[in-house]
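Below is upload-v2.txt, which holds compact mmCIF, C-alpha atoms.
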# COMPACT_ATOMS: atom_id res chain seq x y z
CA MET A 26 -1.48 13.05 9.87
CA PRO A 27 2.27 13.52 10.51
CA ARG A 28 3.95 16.88 10.97
CA PRO A 29 6.24 18.41 8.31
CA PRO A 30 8.43 17.29 6.66
CA LEU A 31 6.97 13.80 7.13
CA ASP A 32 3.66 14.92 5.60
CA GLY A 33 5.38 15.07 2.21
CA LEU A 34 6.25 11.37 2.49
CA ILE A 35 3.40 9.89 4.51
CA ASP A 36 -0.38 9.82 4.09
CA ASP A 37 -1.12 8.81 7.68
CA LEU A 38 -0.02 6.97 10.80
CA TYR A 39 -2.48 4.48 12.27
CA HIS A 40 -3.17 2.27 15.27
CA LEU A 41 -4.94 -1.07 14.78
CA GLU A 42 -6.20 -3.16 17.66
CA GLY A 43 -8.88 -5.77 18.15
CA ALA A 44 -10.44 -8.50 16.06
CA PRO A 45 -10.10 -8.10 12.28
CA PRO A 46 -13.27 -8.58 10.21
CA TYR A 47 -11.71 -11.66 8.59
CA ALA A 48 -8.71 -13.80 9.48
CA ARG A 49 -7.36 -13.31 5.95
CA LEU A 50 -7.70 -10.19 3.82
CA THR A 51 -6.63 -9.57 0.23
CA LEU A 52 -5.09 -6.16 -0.38
CA PRO A 53 -5.08 -5.16 -4.08
CA PRO A 54 -2.21 -2.93 -5.27
CA SER A 55 -2.61 0.79 -4.67
CA PRO A 56 -0.27 3.80 -5.01
CA SER A 57 0.88 3.44 -1.44
CA ALA A 58 3.54 1.69 0.64
CA LEU A 59 3.29 0.28 4.13
CA LEU A 60 5.31 -0.09 7.31
CA ILE A 61 3.91 -2.12 10.21
CA VAL A 62 5.28 -2.39 13.74
CA ASN A 63 3.65 -5.51 15.13
CA LEU A 64 2.83 -5.59 18.85
CA GLY A 65 0.82 -8.80 18.97
CA ALA A 66 1.10 -12.36 17.73
CA PRO A 67 2.85 -12.84 14.36
CA PHE A 68 0.89 -12.14 11.18
CA ARG A 69 1.34 -13.76 7.79
CA ILE A 70 1.72 -12.32 4.30
CA ARG A 71 1.58 -13.94 0.91
CA ALA A 72 2.88 -11.61 -1.79
CA GLY A 73 1.46 -13.18 -4.95
CA THR A 74 0.02 -16.56 -5.80
CA GLU A 75 3.39 -18.14 -6.62
CA ILE A 76 5.04 -17.01 -3.36
CA GLU A 77 4.69 -18.97 -0.14
CA THR A 78 3.14 -17.37 2.92
CA ALA A 79 5.72 -15.93 5.33
CA GLU A 80 5.38 -15.07 9.01
CA TYR A 81 6.24 -11.66 10.43
CA ALA A 82 6.68 -11.25 14.18
CA ASP A 83 8.24 -7.79 14.59
CA GLY A 84 6.58 -6.09 11.63
CA CYS A 85 7.30 -5.49 7.97
CA VAL A 86 7.93 -3.02 5.17
CA VAL A 87 6.01 -3.28 1.89
CA THR A 88 7.03 -0.92 -0.91
CA MET A 89 4.44 -0.08 -3.55
CA PRO A 90 3.09 -3.46 -4.73
CA THR A 91 2.31 -4.56 -8.27
CA ARG A 92 0.09 -7.48 -7.28
CA ALA A 93 -2.44 -8.35 -4.61
CA PHE A 94 -1.13 -9.30 -1.16
CA GLU A 95 -2.86 -11.61 1.28
CA PHE A 96 -2.64 -10.66 4.96
CA GLY A 97 -3.34 -13.19 7.68
CA TYR A 98 -4.17 -11.40 10.92
CA PRO A 99 -3.84 -12.93 14.40
CA LEU A 100 -6.85 -12.90 16.70
CA PRO A 101 -6.67 -10.42 18.32
CA THR A 102 -4.30 -8.12 16.43
CA ARG A 103 -2.34 -5.11 17.68
CA SER A 104 -0.02 -2.89 15.66
CA VAL A 105 0.89 0.63 14.62
CA GLY A 106 1.84 1.53 11.10
CA VAL A 107 2.50 4.00 8.34
CA HIS A 108 0.73 4.45 5.01
CA PHE A 109 3.45 6.01 2.85
CA LYS A 110 3.10 7.90 -0.38
CA PRO A 111 4.69 5.79 -3.17
CA TRP A 112 8.07 7.51 -2.79
CA GLY A 113 7.87 7.77 1.00
CA PRO A 114 9.77 4.68 2.21
CA ALA A 115 12.91 5.61 0.24
CA SER A 116 13.91 8.14 2.89
CA PHE A 117 13.96 5.41 5.55
CA LEU A 118 15.37 2.42 3.65
CA PRO A 119 19.01 1.29 3.48
CA MET A 120 18.43 -0.33 0.08
CA PRO A 121 16.78 0.67 -3.26
CA ALA A 122 13.00 0.27 -3.22
CA ALA A 123 13.22 -1.95 -6.34
CA GLU A 124 14.90 -4.66 -4.25
CA LEU A 125 11.73 -4.90 -2.14
CA CYS A 126 9.19 -4.76 -4.96
CA ASP A 127 6.58 -7.45 -4.12
CA ARG A 128 9.04 -8.81 -1.54
CA PRO A 129 8.01 -7.70 1.96
CA VAL A 130 10.84 -7.69 4.48
CA THR A 131 10.80 -7.77 8.26
CA LEU A 132 11.32 -4.54 10.12
CA GLU A 133 14.44 -6.10 11.62
CA GLN A 134 15.95 -6.44 8.14
CA VAL A 135 15.50 -2.71 7.60
CA TRP A 136 16.34 -1.14 10.97
CA GLY A 137 18.16 -3.93 12.82
CA ARG A 138 17.11 -6.16 15.71
CA PRO A 139 18.21 -4.02 18.71
CA ALA A 140 16.55 -0.84 17.40
CA VAL A 141 13.31 -2.60 16.50
CA ALA A 142 13.17 -4.44 19.84
CA GLU A 143 13.59 -1.16 21.71
CA LEU A 144 10.93 0.57 19.59
CA ARG A 145 8.45 -2.27 20.09
CA ASP A 146 9.02 -2.22 23.85
CA ARG A 147 8.39 1.52 24.04
CA LEU A 148 5.28 1.25 21.90
CA ALA A 149 3.90 -1.70 23.85
CA THR A 150 4.17 0.18 27.15
CA ALA A 151 2.81 3.50 25.90
CA PRO A 152 -0.36 4.55 27.75
CA GLY A 153 -2.56 4.88 24.66
CA PRO A 154 -2.85 5.13 20.86
CA HIS A 155 -2.00 8.84 20.71
CA GLU A 156 1.23 8.30 22.63
CA MET A 157 2.06 5.28 20.48
CA LEU A 158 1.67 7.24 17.25
CA THR A 159 3.72 10.12 18.68
CA LEU A 160 6.53 7.66 19.48
CA LEU A 161 6.38 6.25 15.95
CA GLU A 162 6.40 9.73 14.43
CA ASP A 163 9.43 10.68 16.53
CA GLU A 164 11.23 7.53 15.38
CA LEU A 165 10.53 8.39 11.74
CA MET A 166 11.75 11.95 12.24
CA ARG A 167 14.96 10.62 13.75
CA ARG A 168 15.54 8.23 10.84
CA LEU A 169 14.65 10.64 8.05
CA CYS A 170 17.49 10.87 5.51
CA GLU A 171 18.26 13.09 2.54
CA THR A 172 17.43 11.16 -0.63
CA SER A 173 18.99 11.94 -3.99
CA GLY A 174 16.44 12.42 -6.76
CA LEU A 175 13.48 12.63 -4.39
CA GLY A 176 12.35 16.02 -5.66
CA LEU A 177 12.13 14.78 -9.25
CA VAL A 178 10.23 11.63 -8.33
CA ARG A 179 7.92 13.42 -5.92
CA HIS A 180 7.01 16.15 -8.43
CA THR A 181 6.46 13.71 -11.29
CA SER A 182 4.41 11.40 -9.09
CA GLY A 183 2.29 14.37 -8.09
CA VAL A 184 1.48 15.03 -11.74
CA ILE A 185 0.58 11.37 -12.25
CA ALA A 186 -1.67 11.44 -9.18
CA ALA A 187 -3.36 14.70 -10.18
CA THR A 188 -4.32 13.25 -13.56
CA GLY A 189 -5.41 9.91 -12.14
CA GLY A 190 -2.68 8.23 -14.16
CA ALA A 191 -3.95 9.62 -17.45
CA VAL A 192 -0.78 11.38 -18.57
CA PRO A 193 1.72 10.41 -21.31
CA ILE A 194 4.92 9.31 -19.57
CA GLY A 195 7.04 10.87 -22.32
CA ASP A 196 5.53 14.26 -21.48
CA LEU A 197 6.63 13.86 -17.86
CA SER A 198 10.30 13.27 -18.68
CA ALA A 199 10.29 16.10 -21.21
CA ALA A 200 8.73 18.51 -18.71
CA ALA A 201 11.31 17.48 -16.09
CA GLY A 202 14.17 17.94 -18.53
CA VAL A 203 15.51 14.40 -18.13
CA SER A 204 15.51 11.32 -20.33
CA SER A 205 12.83 8.70 -19.94
CA THR A 206 15.56 6.22 -18.97
CA HIS A 207 16.82 8.47 -16.17
CA LEU A 208 13.28 9.03 -14.90
CA ALA A 209 12.53 5.31 -14.91
CA GLN A 210 15.76 4.56 -13.03
CA ARG A 211 14.98 7.11 -10.35
CA PHE A 212 11.46 5.74 -9.96
CA LYS A 213 12.74 2.19 -9.58
CA GLU A 214 15.24 3.29 -6.94
CA LEU A 215 12.79 5.37 -4.89
CA VAL A 216 9.35 3.90 -5.65
CA GLY A 217 10.24 0.40 -6.81
CA VAL A 218 8.35 0.63 -10.12
CA THR A 219 8.47 2.69 -13.30
CA PRO A 220 6.38 5.85 -13.85
CA LYS A 221 4.22 3.89 -16.30
CA ARG A 222 3.42 1.26 -13.69
CA LEU A 223 2.64 3.94 -11.12
CA ALA A 224 0.27 5.62 -13.58
CA ARG A 225 -1.52 2.30 -14.18
CA THR A 226 -1.95 1.84 -10.46
CA TYR A 227 -3.33 5.35 -9.93
CA ARG A 228 -5.82 4.91 -12.76
CA PHE A 229 -7.01 1.53 -11.54
CA THR A 230 -7.31 2.67 -7.93
CA ALA A 231 -9.26 5.80 -8.88
CA THR A 232 -11.60 3.72 -11.01
CA VAL A 233 -12.29 1.16 -8.29
CA PHE A 234 -12.79 3.77 -5.58
CA GLY A 235 -15.41 5.31 -7.84
CA ILE A 236 -17.49 2.13 -7.69
CA ASP A 237 -20.51 2.16 -5.39
CA PRO A 238 -21.02 -1.54 -4.62
CA ALA A 239 -24.54 -0.86 -3.40
CA GLU A 240 -25.64 0.33 -6.87
CA PRO A 241 -25.94 -1.39 -10.28
CA ILE A 242 -22.83 -0.94 -12.42
CA ASP A 243 -22.46 -0.53 -16.17
CA TRP A 244 -18.97 -1.98 -16.60
CA GLY A 245 -18.64 -0.82 -20.20
CA GLU A 246 -19.46 2.77 -19.29
CA LEU A 247 -17.16 2.64 -16.28
CA ALA A 248 -14.27 1.37 -18.41
CA SER A 249 -14.85 4.06 -21.04
CA ASP A 250 -15.06 6.89 -18.49
CA ALA A 251 -11.78 5.71 -16.92
CA GLY A 252 -9.99 5.84 -20.27
CA TYR A 253 -9.53 2.12 -20.89
CA PHE A 254 -9.50 0.99 -24.52
CA ASP A 255 -12.56 -1.17 -24.04
CA GLN A 256 -14.25 -3.39 -21.47
CA ALA A 257 -11.90 -6.29 -22.25
CA HIS A 258 -8.87 -4.09 -21.47
CA PHE A 259 -10.50 -3.06 -18.20
CA GLY A 260 -11.26 -6.68 -17.31
CA HIS A 261 -7.65 -7.65 -17.98
CA GLU A 262 -6.40 -4.88 -15.70
CA PHE A 263 -8.89 -5.92 -13.04
CA ARG A 264 -7.63 -9.50 -12.99
CA ALA A 265 -4.00 -8.35 -13.07
CA PHE A 266 -4.50 -6.10 -10.04
CA THR A 267 -6.93 -8.13 -7.94
CA GLY A 268 -6.92 -11.70 -9.24
CA LEU A 269 -10.69 -11.33 -9.67
CA THR A 270 -13.07 -10.50 -12.48
CA PRO A 271 -15.00 -7.25 -12.01
CA THR A 272 -18.23 -9.11 -11.23
CA ARG A 273 -16.51 -11.38 -8.69
CA TYR A 274 -14.87 -8.35 -7.08
CA LEU A 275 -18.29 -6.74 -6.71
CA GLU A 276 -19.66 -9.90 -5.07
CA VAL A 277 -16.82 -9.90 -2.52
CA ARG A 278 -17.20 -6.17 -1.78
CA ARG A 279 -20.92 -6.65 -1.24
CA ARG A 280 -20.20 -9.52 1.12
CA PHE A 281 -18.00 -7.21 3.22
CA LEU A 282 -20.73 -4.56 3.27
CA ARG A 283 -23.33 -7.14 4.26
CA GLU A 284 -21.32 -8.84 6.99
CA HIS A 285 -19.49 -5.79 8.42
CA PRO A 286 -21.48 -2.62 7.57
CA GLY A 287 -19.61 0.57 8.34
CA HIS A 288 -16.32 -1.18 9.20
CA VAL A 289 -13.24 1.05 9.04
CA LEU A 290 -11.53 -1.37 6.61
CA ASP A 291 -14.40 -1.47 4.13
CA SER A 292 -12.82 0.44 1.29
CA TRP A 293 -9.96 -1.53 -0.20
CA PRO A 294 -9.17 -4.85 1.58
CA LEU A 295 -11.27 -7.83 0.55
CA PRO A 296 -12.15 -11.06 2.38
CA ALA A 297 -9.75 -13.78 1.23
CA ASP A 298 -11.75 -16.69 2.64
Please go through the file and, once you have read it, give me the structure as structure tokens.
Amino acid sequence: MPRPPLDGLIDDLYHLEGAPPYARLTLPPSPSALLIVNLGAPFRIRAGTEIETAEYADGCVVTMPTRAFEFGYPLPTRSVGVHFKPWGPASFLPMPAAELCDRPVTLEQVWGRPAVAELRDRLATAPGPHEMLTLLEDELMRRLCETSGLGLVRHTSGVIAATGGAVPIGDLSAAAGVSSTHLAQRFKELVGVTPKRLARTYRFTATVFGIDPAEPIDWGELASDAGYFDQAHFGHEFRAFTGLTPTRYLEVRRRFLREHPGHVLDSWPLPAD
């Protein structure tokens, strides 16, 4: 966990090293953004079925996605990274988050080649993971910028998160004393999506994290408890977010559990092969 004030923008910093459980992993959308500093061979990302796979050597930035991403990891892999809160990257980006929505960019495009090369060199020669994460945290502290409208977006996003996405968006703008248009514009600038889309993502993520793949599942009851209109609505959301039907998703999750029991990544990523 980062120190204040980064803790208001970031969920965690992480170090990843070794052999991934699968060469390709599908990452469904979640209310989170990602920054990776790559220290190994290039990895590959495909951001949506209609987008070609791209290679990333130095690392990348992914603002909050609206569709599943496919990550291709090198064998072995080595990187450090940041799991941001949805609004978190805005304080470190030179462009509006909406410009990067479902369009990952290289770290060089965000921070420049000389700065990224220096950071990667320092990270690669650090004596261990703790020192690496301290270096990354220091770099983020140095780059932290004041961001107009962040307080509004952060507070409103907190309400959305606290309700699991089950809150009327009109109530949010009224409570904040701004128009729905102004709120949506601020969200697009700082999160990359509208409040409504963020609420959908929170609701879907909370629903899926509530699934125990080792137990039988009543999909109709699950959909009703999560506040979906009916099971068909839930199934549509499932395919929109993951590209899979609920039953196929469960099969893939169970495969991960069976082949890699207790693995640190067994919570959200799915085998893509």
Quick one: which segment 75-191 of chain A residues come within 9 Å of segment 34-41 of chain A, and what is the nearest atom pair for each with the distance in Å to one decimal, counting all atoms listed in the file, rows ordered by chain and ascending number, as a tab-separated table?
residue	atom	partner	partner_atom	distance
A:Thr102	CA	A:Leu41	CA	7.3
A:Arg103	CA	A:Leu41	CA	5.6
A:Ser104	CA	A:Leu41	CA	5.3
A:Val105	CA	A:His40	CA	4.4
A:Gly106	CA	A:Tyr39	CA	5.4
A:Val107	CA	A:Leu38	CA	4.6
A:His108	CA	A:Asp37	CA	5.4
A:Phe109	CA	A:Ile35	CA	4.2
A:Lys110	CA	A:Ile35	CA	5.3
A:Pro111	CA	A:Leu34	CA	8.1
A:Trp112	CA	A:Leu34	CA	6.8
A:Gly113	CA	A:Leu34	CA	4.2
A:Pro114	CA	A:Leu34	CA	7.6
A:Ser116	CA	A:Leu34	CA	8.3
A:Pro154	CA	A:His40	CA	6.3
A:His155	CA	A:His40	CA	8.6
A:Met157	CA	A:His40	CA	8.0
A:Leu158	CA	A:Leu38	CA	6.7
A:Leu161	CA	A:Leu38	CA	8.2
A:Glu162	CA	A:Leu38	CA	7.9
A:Arg179	CA	A:Leu34	CA	8.8
Choose the residue, out of A:Ala123, A:Val289, A:Leu52, A:Leu223, that has the smallest atom-to-atom separation from Arg71 of chain A; count all atoms listed in the file. A:Leu52
Hey, what's within 10 Å of Pro129 of chain A if we count only C-alpha atoms and toss same-chain stuff fewer than 2 positions away? As a list in words, please? Leu59, Leu60, Ile70, Arg71, Ala72, Ala79, Tyr81, Gly84, Cys85, Val86, Val87, Thr88, Pro90, Phe94, Glu124, Leu125, Cys126, Asp127, Thr131 and Leu132 of chain A
Give me the residues within 12 Å of Gly202 of chain A as a PyMOL selection string, counting all atoms listed in the file and dropping any in the same chain fewer than 6 places off. chain A and resi 177+181+195-196+208
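We find atom CA of Arg92 of chain A and atom CA of Lys221 of chain A to be spaced 15.1 Å apart.
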Within 12 Å of segment 166-176 of chain A, which residues of segment 113-150 of chain A show up? Give each one with its shortest atom-to-atom distance in Å (one decimal) and the two atoms involved, counting all atoms listed in the file, rows by chain then rising residue number, as a Markdown table.
| residue | atom | partner | partner_atom | distance |
| --- | --- | --- | --- | --- |
| A:Gly113 | CA | A:Leu175 | CA | 9.2 |
| A:Pro114 | CA | A:Leu169 | CA | 9.7 |
| A:Ala115 | CA | A:Thr172 | CA | 7.2 |
| A:Ser116 | CA | A:Cys170 | CA | 5.2 |
| A:Phe117 | CA | A:Leu169 | CA | 5.8 |
| A:Leu118 | CA | A:Cys170 | CA | 8.9 |
| A:Pro119 | CA | A:Cys170 | CA | 9.9 |
| A:Met120 | CA | A:Thr172 | CA | 11.6 |
| A:Pro121 | CA | A:Thr172 | CA | 10.8 |
| A:Val135 | CA | A:Arg168 | CA | 11.4 |
| A:Trp136 | CA | A:Arg168 | CA | 9.4 |
| A:Ala140 | CA | A:Arg168 | CA | 11.2 |
Keeping C-alpha atoms, export the residues of the selection given above as a PDB file, in the coordinates of the input.
ATOM      1  CA  GLY A 113       7.870   7.770   1.000  1.00  0.00           C
ATOM      2  CA  PRO A 114       9.770   4.680   2.210  1.00  0.00           C
ATOM      3  CA  ALA A 115      12.910   5.610   0.240  1.00  0.00           C
ATOM      4  CA  SER A 116      13.910   8.140   2.890  1.00  0.00           C
ATOM      5  CA  PHE A 117      13.960   5.410   5.550  1.00  0.00           C
ATOM      6  CA  LEU A 118      15.370   2.420   3.650  1.00  0.00           C
ATOM      7  CA  PRO A 119      19.010   1.290   3.480  1.00  0.00           C
ATOM      8  CA  MET A 120      18.430  -0.330   0.080  1.00  0.00           C
ATOM      9  CA  PRO A 121      16.780   0.670  -3.260  1.00  0.00           C
ATOM     10  CA  VAL A 135      15.500  -2.710   7.600  1.00  0.00           C
ATOM     11  CA  TRP A 136      16.340  -1.140  10.970  1.00  0.00           C
ATOM     12  CA  ALA A 140      16.550  -0.840  17.400  1.00  0.00           C
TER      13      ALA A 140
END
Would you give me, as CSV, each residue of segment 102-217 of chain A having an atom within 12 Å of an atom of segment 231-238 of chain A, along with its shortest atom pair and that distance in Å to one decimal, using all atoms listed in the file and sorting by chain and residue number?
residue,atom,partner,partner_atom,distance
A:Ile185,CA,A:Ala231,CA,11.8
A:Ala186,CA,A:Ala231,CA,9.5
A:Ala187,CA,A:Ala231,CA,10.8
A:Thr188,CA,A:Ala231,CA,10.1
A:Gly189,CA,A:Ala231,CA,6.5
A:Gly190,CA,A:Ala231,CA,8.8
A:Ala191,CA,A:Ala231,CA,10.8
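For the set A:Arg128, A:Ala209, A:Leu295, A:Pro220, the residue with the smallest atom-to-atom gap to Leu269 of chain A is A:Leu295, counting all atoms listed in the file.
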Shell of 12 Å around Leu290 of chain A, all atoms listed in the file, local chain residues under 5 positions omitted, as an MDAnalysis selection string: chainID A and resid 41 44:47 50:52 278 281:282 285 295:296
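Nearest residue to Thr230 of chain A among A:Glu77, A:Glu262, A:Asp243, A:Asp146 is A:Glu262, counting all atoms listed in the file.
For the pair atom CA of Ala66 of chain A and atom CA of Val277 of chain A, the separation is 27.2 Å.
You will find atom CA of Arg273 of chain A at 15.8 Å from atom CA of Gly245 of chain A.
Each of A:Thr150, A:Ser204, A:Ser182, A:Thr226 was checked against Pro56 of chain A using all atoms listed in the file; the smallest atom-to-atom distance is that of A:Thr226.
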Selected residue, from A:Ala251, A:Leu160, A:Ile76, A:Ala257, that lies nearest to Tyr227 of chain A when counting only C-alpha atoms: A:Ala251
Near-Phe68 of chain A list (6 Å; all atoms listed in the file; drop same-chain fewer than 5 positions) as a PyMOL selection string: chain A and resi 80-81+97-99
10 Å contact set for Thr159 of chain A, only C-alpha atoms, chain neighbours under 5 positions out, as number ranges by chain: A: 27, 38, 148, 151, 154, 164-165
Is it possible to get the axis-aligned box enclosing segment 200-205 of chain A (all listed atoms, 4 Å extra per side) as lines of an AutoDock Vina configuration file, with centre and edge lengths in Å rounded to one decimal?
center_x = 12.1
center_y = 13.6
center_z = -18.2
size_x = 14.8
size_y = 17.8
size_z = 12.2
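Checking A:Asp291, A:Asp255, A:Glu240, A:Glu214 one by one against Ala122 of chain A, counting only C-alpha atoms, you find the shortest gap at A:Glu214.
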Generate all heavy atoms for segment 158-168 of chain A and emit them as a short mmCIF file (atom, residue, chain, number, x, y, z; two decimals), keeping the file's coordinate frame.
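Output file result.cif is given in full below:
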data_model
loop_
_atom_site.label_atom_id
_atom_site.label_comp_id
_atom_site.auth_asym_id
_atom_site.auth_seq_id
_atom_site.Cartn_x
_atom_site.Cartn_y
_atom_site.Cartn_z
N LEU A 158 1.44 6.63 18.56
CA LEU A 158 1.67 7.24 17.25
C LEU A 158 2.69 8.38 17.34
O LEU A 158 3.45 8.61 16.40
CB LEU A 158 0.36 7.74 16.66
CG LEU A 158 -0.68 6.64 16.35
CD1 LEU A 158 -1.93 7.24 15.76
CD2 LEU A 158 -0.08 5.60 15.40
N THR A 159 2.72 9.08 18.48
CA THR A 159 3.72 10.12 18.68
C THR A 159 5.12 9.51 18.73
O THR A 159 6.08 10.04 18.15
CB THR A 159 3.44 10.91 19.96
OG1 THR A 159 2.15 11.54 19.85
CG2 THR A 159 4.50 11.98 20.19
N LEU A 160 5.25 8.37 19.43
CA LEU A 160 6.53 7.66 19.48
C LEU A 160 6.98 7.23 18.09
O LEU A 160 8.16 7.36 17.72
CB LEU A 160 6.42 6.43 20.39
CG LEU A 160 6.46 6.67 21.89
CD1 LEU A 160 6.11 5.37 22.64
CD2 LEU A 160 7.85 7.14 22.31
N LEU A 161 6.04 6.70 17.30
CA LEU A 161 6.38 6.25 15.95
C LEU A 161 6.78 7.44 15.08
O LEU A 161 7.76 7.36 14.31
CB LEU A 161 5.19 5.51 15.33
CG LEU A 161 5.38 4.99 13.91
CD1 LEU A 161 6.57 4.04 13.82
CD2 LEU A 161 4.11 4.29 13.43
N GLU A 162 6.06 8.54 15.20
CA GLU A 162 6.40 9.73 14.43
C GLU A 162 7.79 10.24 14.80
O GLU A 162 8.59 10.61 13.93
CB GLU A 162 5.36 10.82 14.69
CG GLU A 162 5.56 12.07 13.85
CD GLU A 162 4.51 13.12 14.13
OE1 GLU A 162 4.12 13.28 15.30
OE2 GLU A 162 4.08 13.80 13.18
N ASP A 163 8.11 10.24 16.09
CA ASP A 163 9.43 10.68 16.53
C ASP A 163 10.53 9.78 15.97
O ASP A 163 11.60 10.25 15.58
CB ASP A 163 9.50 10.69 18.06
CG ASP A 163 8.67 11.80 18.68
OD1 ASP A 163 8.30 12.74 17.96
OD2 ASP A 163 8.40 11.72 19.90
N GLU A 164 10.26 8.47 15.93
CA GLU A 164 11.23 7.53 15.38
C GLU A 164 11.46 7.80 13.89
O GLU A 164 12.60 7.76 13.40
CB GLU A 164 10.75 6.10 15.58
CG GLU A 164 11.69 5.02 15.08
CD GLU A 164 12.96 4.89 15.91
OE1 GLU A 164 13.01 5.43 17.03
OE2 GLU A 164 13.92 4.24 15.42
N LEU A 165 10.40 8.08 13.17
CA LEU A 165 10.53 8.39 11.74
C LEU A 165 11.29 9.70 11.53
O LEU A 165 12.12 9.80 10.61
CB LEU A 165 9.15 8.46 11.10
CG LEU A 165 8.40 7.12 11.02
CD1 LEU A 165 6.93 7.36 10.68
CD2 LEU A 165 9.03 6.20 9.98
N MET A 166 11.02 10.69 12.35
CA MET A 166 11.75 11.95 12.24
C MET A 166 13.24 11.73 12.47
O MET A 166 14.09 12.30 11.79
CB MET A 166 11.20 12.96 13.25
CG MET A 166 9.86 13.55 12.88
SD MET A 166 9.92 14.67 11.45
CE MET A 166 10.88 16.03 12.13
N ARG A 167 13.56 10.89 13.43
CA ARG A 167 14.96 10.62 13.75
C ARG A 167 15.67 9.89 12.62
O ARG A 167 16.86 10.09 12.38
CB ARG A 167 15.03 9.79 15.04
CG ARG A 167 16.43 9.59 15.59
CD ARG A 167 16.40 8.81 16.89
NE ARG A 167 16.04 7.42 16.67
CZ ARG A 167 16.89 6.47 16.29
NH1 ARG A 167 18.14 6.79 16.01
NH2 ARG A 167 16.48 5.24 16.15
N ARG A 168 14.94 9.05 11.90
CA ARG A 168 15.54 8.23 10.84
C ARG A 168 15.47 8.87 9.46
O ARG A 168 16.00 8.32 8.50
CB ARG A 168 14.86 6.86 10.80
CG ARG A 168 15.16 6.00 12.02
CD ARG A 168 14.54 4.62 11.89
NE ARG A 168 14.97 3.75 12.97
CZ ARG A 168 16.09 3.05 12.98
NH1 ARG A 168 16.90 3.11 11.93
NH2 ARG A 168 16.42 2.29 14.00
#
